[in-house]
$ cat work01.cif   # mmCIF, C-alpha atoms
data_work
#
loop_
_atom_site.group_PDB
_atom_site.id
_atom_site.type_symbol
_atom_site.label_atom_id
_atom_site.label_comp_id
_atom_site.auth_asym_id
_atom_site.auth_seq_id
_atom_site.Cartn_x
_atom_site.Cartn_y
_atom_site.Cartn_z
ATOM 1 C CA MET C 13 56.673 -64.456 -115.682
ATOM 2 C CA SER C 14 55.846 -60.988 -114.493
ATOM 3 C CA THR C 15 52.907 -60.256 -112.260
ATOM 4 C CA ALA C 16 51.922 -57.189 -114.303
ATOM 5 C CA ALA C 17 48.609 -57.324 -116.106
ATOM 6 C CA ARG C 18 48.863 -58.429 -119.709
ATOM 7 C CA VAL C 19 47.130 -56.630 -122.544
ATOM 8 C CA TYR C 20 45.361 -59.095 -124.826
ATOM 9 C CA ASN C 21 43.486 -56.702 -127.073
ATOM 10 C CA ARG C 22 46.525 -55.579 -129.054
ATOM 11 C CA SER C 23 46.784 -56.457 -132.721
ATOM 12 C CA PRO C 24 49.076 -59.475 -133.325
ATOM 13 C CA VAL C 25 50.494 -57.818 -136.475
ATOM 14 C CA ALA C 26 51.788 -54.377 -137.334
ATOM 15 C CA ALA C 27 49.361 -51.707 -138.471
ATOM 16 C CA LEU C 28 48.904 -51.304 -142.219
ATOM 17 C CA THR C 29 50.317 -48.254 -143.920
ATOM 18 C CA PRO C 30 47.997 -46.038 -146.003
ATOM 19 C CA ALA C 31 49.456 -47.516 -149.198
ATOM 20 C CA GLN C 32 48.742 -51.035 -147.939
ATOM 21 C CA HIS C 33 45.157 -50.056 -147.043
ATOM 22 C CA LEU C 34 44.700 -48.677 -150.545
ATOM 23 C CA ARG C 35 46.051 -51.894 -152.099
ATOM 24 C CA VAL C 36 43.753 -54.039 -149.950
ATOM 25 C CA ARG C 37 40.718 -51.950 -150.929
ATOM 26 C CA ARG C 38 41.601 -52.193 -154.622
ATOM 27 C CA ILE C 39 42.041 -55.971 -154.490
ATOM 28 C CA GLU C 40 38.786 -56.442 -152.585
ATOM 29 C CA ALA C 41 36.972 -54.238 -155.102
ATOM 30 C CA LEU C 42 38.401 -56.322 -157.955
ATOM 31 C CA ILE C 43 37.190 -59.504 -156.268
ATOM 32 C CA ARG C 44 33.706 -57.987 -155.787
ATOM 33 C CA VAL C 45 33.555 -57.075 -159.482
ATOM 34 C CA ALA C 46 34.794 -60.500 -160.648
ATOM 35 C CA ALA C 47 32.614 -62.555 -158.250
ATOM 36 C CA PRO C 48 29.453 -62.692 -160.421
ATOM 37 C CA ALA C 49 31.444 -63.813 -163.472
ATOM 38 C CA LEU C 50 33.209 -66.485 -161.430
ATOM 39 C CA ASP C 51 29.871 -67.673 -160.003
ATOM 40 C CA LEU C 52 28.506 -67.965 -163.541
ATOM 41 C CA LEU C 53 31.588 -69.917 -164.609
ATOM 42 C CA LEU C 54 31.157 -72.381 -161.724
ATOM 43 C CA PHE C 55 27.438 -72.774 -162.455
ATOM 44 C CA THR C 56 28.113 -73.406 -166.151
ATOM 45 C CA GLY C 57 30.821 -75.943 -165.368
ATOM 46 C CA ASP C 58 28.508 -77.792 -162.996
ATOM 47 C CA ARG C 59 25.747 -77.951 -165.614
ATOM 48 C CA VAL C 60 28.124 -79.126 -168.345
ATOM 49 C CA ALA C 61 29.466 -81.850 -166.059
ATOM 50 C CA ARG C 62 25.950 -83.054 -165.273
ATOM 51 C CA ILE C 63 24.952 -83.093 -168.942
ATOM 52 C CA ALA C 64 28.129 -84.929 -169.915
ATOM 53 C CA GLY C 65 27.374 -87.570 -167.268
ATOM 54 C CA ARG C 66 30.607 -87.165 -165.341
ATOM 55 C CA ASN C 67 28.766 -87.840 -162.085
ATOM 56 C CA GLN C 68 27.369 -91.165 -163.313
ATOM 57 C CA ILE C 69 30.660 -93.065 -163.501
ATOM 58 C CA ASP C 70 30.615 -96.010 -161.117
ATOM 59 C CA PRO C 71 33.520 -96.215 -158.704
ATOM 60 C CA GLU C 72 36.184 -98.758 -159.485
ATOM 61 C CA PRO C 73 35.791 -101.897 -157.340
ATOM 62 C CA ALA C 74 38.405 -102.714 -154.743
ATOM 63 C CA ARG C 75 41.306 -104.790 -156.007
ATOM 64 C CA ARG C 76 41.922 -108.171 -154.488
ATOM 65 C CA THR C 77 45.253 -109.914 -154.230
ATOM 66 C CA MET C 78 45.613 -113.533 -155.205
ATOM 67 C CA GLY C 79 47.153 -115.202 -152.167
ATOM 68 C CA GLY C 80 50.583 -114.167 -150.925
ATOM 69 C CA SER C 81 51.341 -110.879 -149.353
ATOM 70 C CA ALA C 82 49.183 -107.851 -150.044
ATOM 71 C CA ARG C 83 52.234 -105.629 -149.741
ATOM 72 C CA THR C 84 54.710 -105.092 -152.536
ATOM 73 C CA PRO C 85 58.410 -104.326 -152.254
ATOM 74 C CA ILE C 86 59.339 -100.718 -152.853
ATOM 75 C CA GLY C 87 59.969 -100.048 -156.523
ATOM 76 C CA GLY C 88 59.105 -103.478 -157.832
ATOM 77 C CA PRO C 89 56.383 -105.994 -158.658
ATOM 78 C CA PRO C 90 54.809 -108.158 -155.953
ATOM 79 C CA GLU C 91 56.978 -110.943 -154.654
ATOM 80 C CA ARG C 92 56.016 -114.354 -155.999
ATOM 81 C CA THR C 93 56.044 -117.329 -153.684
ATOM 82 C CA THR C 94 56.463 -120.797 -155.105
ATOM 83 C CA ALA C 95 54.497 -123.521 -153.389
#
$ encode --input "work01.cif" --output "structure tokens"
Amino acid sequence: MSTAARVYNRSPVAALTPAQHLRVRRIEALIRVAAPALDLLLFTGDRVARIAGRNQIDPEPARRTMGGSARTPIGGPPERTTA
């Protein structure tokens, strides 16, 4: 390791070209224009889900195993033990 001072304020990536800056500005402008419509779509979807009662479904209860091992062999049904 050298004893020279290190410069930590340099950009970790290459500088953008003018064409890349233009593309970034266009994409960001498109996102700004589309944002209100996307917000409205999310709001509408949330309201429809609440009206349809999708949030009122009870969670499925935990499954219990009947004796034996709780683990199953890979790719097959649970092993049966005869007593």
$ atom_distance --input "work01.cif" --atom1 "CA of Ala27 in chain C" --atom2 "CA of Arg44 in chain C"
24.2 Å
$ atom_distance --input "work01.cif" --atom1 "CA of Glu40 in chain C" --atom2 "CA of Leu28 in chain C"
15.4 Å
$ atom_distance --input "work01.cif" --atom1 "CA of Pro48 in chain C" --atom2 "CA of Val60 in chain C"
18.3 Å
